[in-house]
Amino acid sequence: MEIISQVLFCLALGVSGYLVLQRVHLIRKTIQLGKADDRSDRGGERLTNMLLLAFGQKKMFSRPLVGFLHFLVYIGFVLINIELLEIIIDGIFGTHRVFFGLLGSAYPYLLHFFEILAFGVLAACVIFLIRRNVVKVERLQAERHPEMRGWASLDANIILTLEILLMTAFLTMNAADYLLQTRGVGHFAEVQTGKLAISQYLAPALASLSDTALVAIERFAWWFHILGILFFTVYLTYSKHLHIVLAFPNT
């Protein structure tokens with residue numbers, strides 16, 4: 001059964017990787033159509049602008065609160081997905097929390113940090129959905145701003161919903177894993193993380209379930225999390241093209 005799981009995982013990873021690489025190749029070819037331009041001047045200024053605008057999301061901070069929430073989602077999602085490396089290794093080799101053996105007592109602290117970030121991302125995305133669809137912030141409404149019509153609004157709601165689901169799966173996985181640890185079930189008992197920052201509050205809702213049900217929930221959340229991230233990666237890679245196709249279906 002474990003071999004089947006590993007094969008399915010490698011297949012999913014390979015397909016998503018192939019799709020992304022195909023798109024990257026197309027983008028690279030498109031960029032190469034441009035003419036060479038000497039941009040060796042003002043190296044420090046260019047580097048600073050790249051760090052502030054591309055990585056630091058500086059433009060968002062014209063509205064401090066909204067800017068902070070955007071930055072939280074951005075940096076939180078990036079850092080949380082460091083654990084994606086562990087999931088990929090576990091998926092390929094059939095291991096369970098492989099980094100625990102490398103990090104030892106530091107491992108639970110890393111998970112605490114990831115869970116706090118995950119909750120921050122989840123909360124920020126919920127707030128953004130409410131602002132768009134309940135409070136209806138004026139500058140985000142399609143009927144008042146043509147650039148927000150059609151796919152633009154739908155795309156934002158899809159991305160926010162996906163991020164909420166991915167973070168929920170991550171926290172649920174940890175909650176079920178913790179309960180299985182305490183019960184000494186199989187390989188789950190080999191890694192002791194203890195109660196974690198956020199998932200400890202989800203654990204009581206699962207505590208009455210059988211060991212079999214908990215394993216099923218943990219595995220479902222694990223698969224949902226990794227497949228969701230792979231889908232999210234492919235979706236983001238192709239979403240701009242999809243935007244154009246939906247906006248101009250006859251082109």
# chains A, B, ... in the order shown; residues from 1 in each chain; ligands from 1
call {"tool": "closest_atom_pairs", "arguments": {"of": "range 92-179 of chain A", "to": "range 68-88 of chain A", "cutoff": "8 Å", "atoms": "only C-alpha atoms", "output": "tab-separated table"}}
result
residue	atom	partner	partner_atom	distance
A:Ile92	CA	A:Ile88	CA	6.1
A:Arg97	CA	A:Glu86	CA	6.6
A:Val98	CA	A:Glu86	CA	6.4
A:Phe99	CA	A:Glu86	CA	6.5
A:Phe114	CA	A:Ile80	CA	5.4
A:Leu117	CA	A:Gly76	CA	5.2
A:Ala118	CA	A:Gly76	CA	6.6
A:Gly120	CA	A:Leu72	CA	6.7
A:Val121	CA	A:Val73	CA	4.7
A:Ala124	CA	A:Leu69	CA	5.6
A:Cys125	CA	A:Val73	CA	7.4
call {"tool": "write_last_selection", "arguments": {"atoms": "N, CA and C atoms", "output": "JSON list (two decimals), in the first residue's frame"}}
result
[["chain", "number", "residue", "atom", "x", "y", "z"],
["A", 92, "ILE", "N", 7.98, 10.83, -1.51],
["A", 92, "ILE", "CA", 8.80, 10.03, -2.42],
["A", 92, "ILE", "C", 9.33, 8.77, -1.75],
["A", 97, "ARG", "N", 7.60, 12.66, 8.55],
["A", 97, "ARG", "CA", 8.26, 13.78, 9.22],
["A", 97, "ARG", "C", 9.78, 13.55, 9.31],
["A", 98, "VAL", "N", 10.37, 13.45, 8.15],
["A", 98, "VAL", "CA", 11.79, 13.08, 8.06],
["A", 98, "VAL", "C", 12.70, 14.10, 8.74],
["A", 99, "PHE", "N", 12.29, 15.36, 8.79],
["A", 99, "PHE", "CA", 13.15, 16.38, 9.39],
["A", 99, "PHE", "C", 13.26, 16.27, 10.91],
["A", 114, "PHE", "N", 5.46, 27.68, 12.09],
["A", 114, "PHE", "CA", 4.69, 27.48, 10.87],
["A", 114, "PHE", "C", 3.18, 27.57, 11.15],
["A", 117, "LEU", "N", 2.10, 31.19, 11.58],
["A", 117, "LEU", "CA", 2.04, 31.82, 10.26],
["A", 117, "LEU", "C", 0.82, 31.32, 9.49],
["A", 118, "ALA", "N", 0.53, 30.02, 9.55],
["A", 118, "ALA", "CA", -0.60, 29.45, 8.84],
["A", 118, "ALA", "C", -1.90, 30.08, 9.32],
["A", 120, "GLY", "N", -2.19, 33.03, 10.69],
["A", 120, "GLY", "CA", -2.18, 34.40, 10.21],
["A", 120, "GLY", "C", -2.62, 34.51, 8.77],
["A", 121, "VAL", "N", -2.13, 33.61, 7.93],
["A", 121, "VAL", "CA", -2.53, 33.59, 6.52],
["A", 121, "VAL", "C", -4.03, 33.31, 6.40],
["A", 124, "ALA", "N", -6.05, 36.37, 7.56],
["A", 124, "ALA", "CA", -5.96, 37.46, 6.59],
["A", 124, "ALA", "C", -6.81, 37.18, 5.36],
["A", 125, "CYS", "N", -6.80, 35.93, 4.89],
["A", 125, "CYS", "CA", -7.59, 35.57, 3.71],
["A", 125, "CYS", "C", -9.08, 35.67, 3.99]]
call {"tool": "closest_atom_pairs", "arguments": {"of": "range 85-117 of chain A", "to": "range 182-196 of chain A", "cutoff": "12 Å", "atoms": "only C-alpha atoms", "output": "JSON lines"}}
result
{"residue": "A:Gly94", "atom": "CA", "partner": "A:His187", "partner_atom": "CA", "distance": 11.0}
{"residue": "A:Thr95", "atom": "CA", "partner": "A:His187", "partner_atom": "CA", "distance": 8.9}
{"residue": "A:His96", "atom": "CA", "partner": "A:His187", "partner_atom": "CA", "distance": 7.2}
{"residue": "A:Arg97", "atom": "CA", "partner": "A:Val191", "partner_atom": "CA", "distance": 7.4}
{"residue": "A:Val98", "atom": "CA", "partner": "A:Val191", "partner_atom": "CA", "distance": 9.2}
{"residue": "A:Phe99", "atom": "CA", "partner": "A:Val191", "partner_atom": "CA", "distance": 10.0}
{"residue": "A:Phe100", "atom": "CA", "partner": "A:Val191", "partner_atom": "CA", "distance": 6.8}
{"residue": "A:Gly101", "atom": "CA", "partner": "A:Val191", "partner_atom": "CA", "distance": 8.5}
{"residue": "A:Leu102", "atom": "CA", "partner": "A:Val191", "partner_atom": "CA", "distance": 11.7}
{"residue": "A:Leu103", "atom": "CA", "partner": "A:Val191", "partner_atom": "CA", "distance": 11.5}
{"residue": "A:Gly104", "atom": "CA", "partner": "A:Val191", "partner_atom": "CA", "distance": 9.4}
{"residue": "A:Ser105", "atom": "CA", "partner": "A:Thr193", "partner_atom": "CA", "distance": 8.6}
{"residue": "A:Ala106", "atom": "CA", "partner": "A:Thr193", "partner_atom": "CA", "distance": 9.8}
{"residue": "A:Tyr107", "atom": "CA", "partner": "A:Thr193", "partner_atom": "CA", "distance": 7.4}
{"residue": "A:Pro108", "atom": "CA", "partner": "A:Thr193", "partner_atom": "CA", "distance": 5.1}
{"residue": "A:Tyr109", "atom": "CA", "partner": "A:Leu196", "partner_atom": "CA", "distance": 8.5}
{"residue": "A:Leu110", "atom": "CA", "partner": "A:Leu196", "partner_atom": "CA", "distance": 9.9}
{"residue": "A:Leu111", "atom": "CA", "partner": "A:Leu196", "partner_atom": "CA", "distance": 7.1}
{"residue": "A:His112", "atom": "CA", "partner": "A:Leu196", "partner_atom": "CA", "distance": 5.5}
{"residue": "A:Phe113", "atom": "CA", "partner": "A:Leu196", "partner_atom": "CA", "distance": 9.2}
{"residue": "A:Phe114", "atom": "CA", "partner": "A:Leu196", "partner_atom": "CA", "distance": 9.8}
{"residue": "A:Glu115", "atom": "CA", "partner": "A:Leu196", "partner_atom": "CA", "distance": 7.5}
{"residue": "A:Ile116", "atom": "CA", "partner": "A:Leu196", "partner_atom": "CA", "distance": 9.3}
call {"tool": "select_by_dssp", "arguments": {"residues": "range 89-230 of chain A", "states": "alpha helix (DSSP H)", "output": "PyMOL selection string"}}
result
chain A and resi 89-93+99-103+106-133+151-183+203-206+211-230
call {"tool": "write_last_selection", "arguments": {"atoms": "C-alpha atoms", "output": "mmCIF file, in the first residue's frame"}}
result
data_model
loop_
_atom_site.group_PDB
_atom_site.id
_atom_site.type_symbol
_atom_site.label_atom_id
_atom_site.label_comp_id
_atom_site.auth_asym_id
_atom_site.auth_seq_id
_atom_site.Cartn_x
_atom_site.Cartn_y
_atom_site.Cartn_z
ATOM 1 C CA ILE A 89 10.749 13.771 0.751
ATOM 2 C CA ASP A 90 8.150 11.880 2.818
ATOM 3 C CA GLY A 91 5.984 11.359 -0.254
ATOM 4 C CA ILE A 92 8.803 10.029 -2.424
ATOM 5 C CA PHE A 93 10.498 7.794 0.148
ATOM 6 C CA PHE A 99 13.148 16.380 9.388
ATOM 7 C CA PHE A 100 12.405 15.337 12.966
ATOM 8 C CA GLY A 101 15.447 13.080 12.887
ATOM 9 C CA LEU A 102 17.612 15.939 11.615
ATOM 10 C CA LEU A 103 16.356 18.770 13.832
ATOM 11 C CA ALA A 106 14.176 22.130 17.459
ATOM 12 C CA TYR A 107 11.585 20.493 15.196
ATOM 13 C CA PRO A 108 8.494 21.261 17.340
ATOM 14 C CA TYR A 109 9.530 24.932 17.605
ATOM 15 C CA LEU A 110 9.663 25.124 13.815
ATOM 16 C CA LEU A 111 6.169 23.654 13.625
ATOM 17 C CA HIS A 112 4.950 26.172 16.223
ATOM 18 C CA PHE A 113 6.267 28.965 14.003
ATOM 19 C CA PHE A 114 4.686 27.476 10.872
ATOM 20 C CA GLU A 115 1.326 27.064 12.592
ATOM 21 C CA ILE A 116 1.257 30.669 13.793
ATOM 22 C CA LEU A 117 2.036 31.815 10.262
ATOM 23 C CA ALA A 118 -0.604 29.454 8.844
ATOM 24 C CA PHE A 119 -3.237 30.878 11.170
ATOM 25 C CA GLY A 120 -2.180 34.402 10.212
ATOM 26 C CA VAL A 121 -2.531 33.585 6.520
ATOM 27 C CA LEU A 122 -5.909 31.957 7.117
ATOM 28 C CA ALA A 123 -7.222 34.912 9.137
ATOM 29 C CA ALA A 124 -5.956 37.457 6.592
ATOM 30 C CA CYS A 125 -7.589 35.574 3.713
ATOM 31 C CA VAL A 126 -10.909 35.414 5.568
ATOM 32 C CA ILE A 127 -10.728 39.174 6.146
ATOM 33 C CA PHE A 128 -9.958 39.775 2.459
ATOM 34 C CA LEU A 129 -12.928 37.635 1.382
ATOM 35 C CA ILE A 130 -15.218 39.552 3.737
ATOM 36 C CA ARG A 131 -13.910 42.890 2.433
ATOM 37 C CA ARG A 132 -14.561 41.821 -1.147
ATOM 38 C CA ASN A 133 -17.885 40.027 -0.825
ATOM 39 C CA TRP A 151 -12.030 36.897 -14.186
ATOM 40 C CA ALA A 152 -10.182 39.431 -12.010
ATOM 41 C CA SER A 153 -12.729 39.186 -9.194
ATOM 42 C CA LEU A 154 -13.251 35.449 -9.578
ATOM 43 C CA ASP A 155 -9.503 34.832 -9.635
ATOM 44 C CA ALA A 156 -9.026 36.701 -6.352
ATOM 45 C CA ASN A 157 -11.809 34.734 -4.644
ATOM 46 C CA ILE A 158 -10.436 31.426 -5.940
ATOM 47 C CA ILE A 159 -6.924 32.176 -4.675
ATOM 48 C CA LEU A 160 -8.117 33.346 -1.250
ATOM 49 C CA THR A 161 -10.379 30.303 -0.839
ATOM 50 C CA LEU A 162 -7.582 27.946 -1.884
ATOM 51 C CA GLU A 163 -5.217 29.468 0.656
ATOM 52 C CA ILE A 164 -7.798 29.095 3.428
ATOM 53 C CA LEU A 165 -8.354 25.429 2.523
ATOM 54 C CA LEU A 166 -4.607 24.729 2.332
ATOM 55 C CA MET A 167 -3.911 26.278 5.737
ATOM 56 C CA THR A 168 -6.908 24.474 7.275
ATOM 57 C CA ALA A 169 -5.631 21.152 5.913
ATOM 58 C CA PHE A 170 -2.169 21.827 7.347
ATOM 59 C CA LEU A 171 -3.539 22.544 10.825
ATOM 60 C CA THR A 172 -5.972 19.600 10.709
ATOM 61 C CA MET A 173 -3.153 17.270 9.670
ATOM 62 C CA ASN A 174 -1.091 18.364 12.678
ATOM 63 C CA ALA A 175 -4.041 17.984 15.058
ATOM 64 C CA ALA A 176 -4.765 14.422 13.927
ATOM 65 C CA ASP A 177 -1.048 13.586 13.942
ATOM 66 C CA TYR A 178 -0.704 14.789 17.545
ATOM 67 C CA LEU A 179 -3.588 12.594 18.729
ATOM 68 C CA LEU A 180 -2.099 9.585 16.956
ATOM 69 C CA GLN A 181 1.233 10.321 18.650
ATOM 70 C CA THR A 182 -0.382 10.306 22.089
ATOM 71 C CA ARG A 183 -2.118 7.005 21.317
ATOM 72 C CA ALA A 203 -7.475 18.311 18.538
ATOM 73 C CA PRO A 204 -10.411 18.134 21.034
ATOM 74 C CA ALA A 205 -12.877 18.104 18.130
ATOM 75 C CA LEU A 206 -11.159 14.957 16.800
ATOM 76 C CA ASP A 211 -7.538 5.451 15.480
ATOM 77 C CA THR A 212 -8.619 4.385 11.987
ATOM 78 C CA ALA A 213 -10.651 7.557 11.492
ATOM 79 C CA LEU A 214 -7.789 9.735 12.721
ATOM 80 C CA VAL A 215 -5.337 8.075 10.340
ATOM 81 C CA ALA A 216 -7.814 8.645 7.501
ATOM 82 C CA ILE A 217 -8.199 12.322 8.436
ATOM 83 C CA GLU A 218 -4.442 12.828 8.778
ATOM 84 C CA ARG A 219 -3.775 11.164 5.422
ATOM 85 C CA PHE A 220 -6.610 13.065 3.702
ATOM 86 C CA ALA A 221 -5.343 16.391 5.063
ATOM 87 C CA TRP A 222 -1.757 15.500 4.057
ATOM 88 C CA TRP A 223 -2.782 14.619 0.516
ATOM 89 C CA PHE A 224 -5.136 17.592 0.246
ATOM 90 C CA HIS A 225 -2.373 19.929 1.402
ATOM 91 C CA ILE A 226 0.281 18.705 -1.042
ATOM 92 C CA LEU A 227 -2.056 18.212 -4.009
ATOM 93 C CA GLY A 228 -3.584 21.602 -3.257
ATOM 94 C CA ILE A 229 -0.153 23.245 -3.339
ATOM 95 C CA LEU A 230 0.725 21.491 -6.600
#
call {"tool": "atom_distance", "arguments": {"atom1": "CA of Phe9 in chain A", "atom2": "CA of Phe231 in chain A"}}
result
13.2 Å
call {"tool": "atom_distance", "arguments": {"atom1": "CA of Tyr18 in chain A", "atom2": "CA of Phe232 in chain A"}}
result
14.3 Å
call {"tool": "atom_distance", "arguments": {"atom1": "CA of Leu19 in chain A", "atom2": "CA of Val234 in chain A"}}
result
6.8 Å
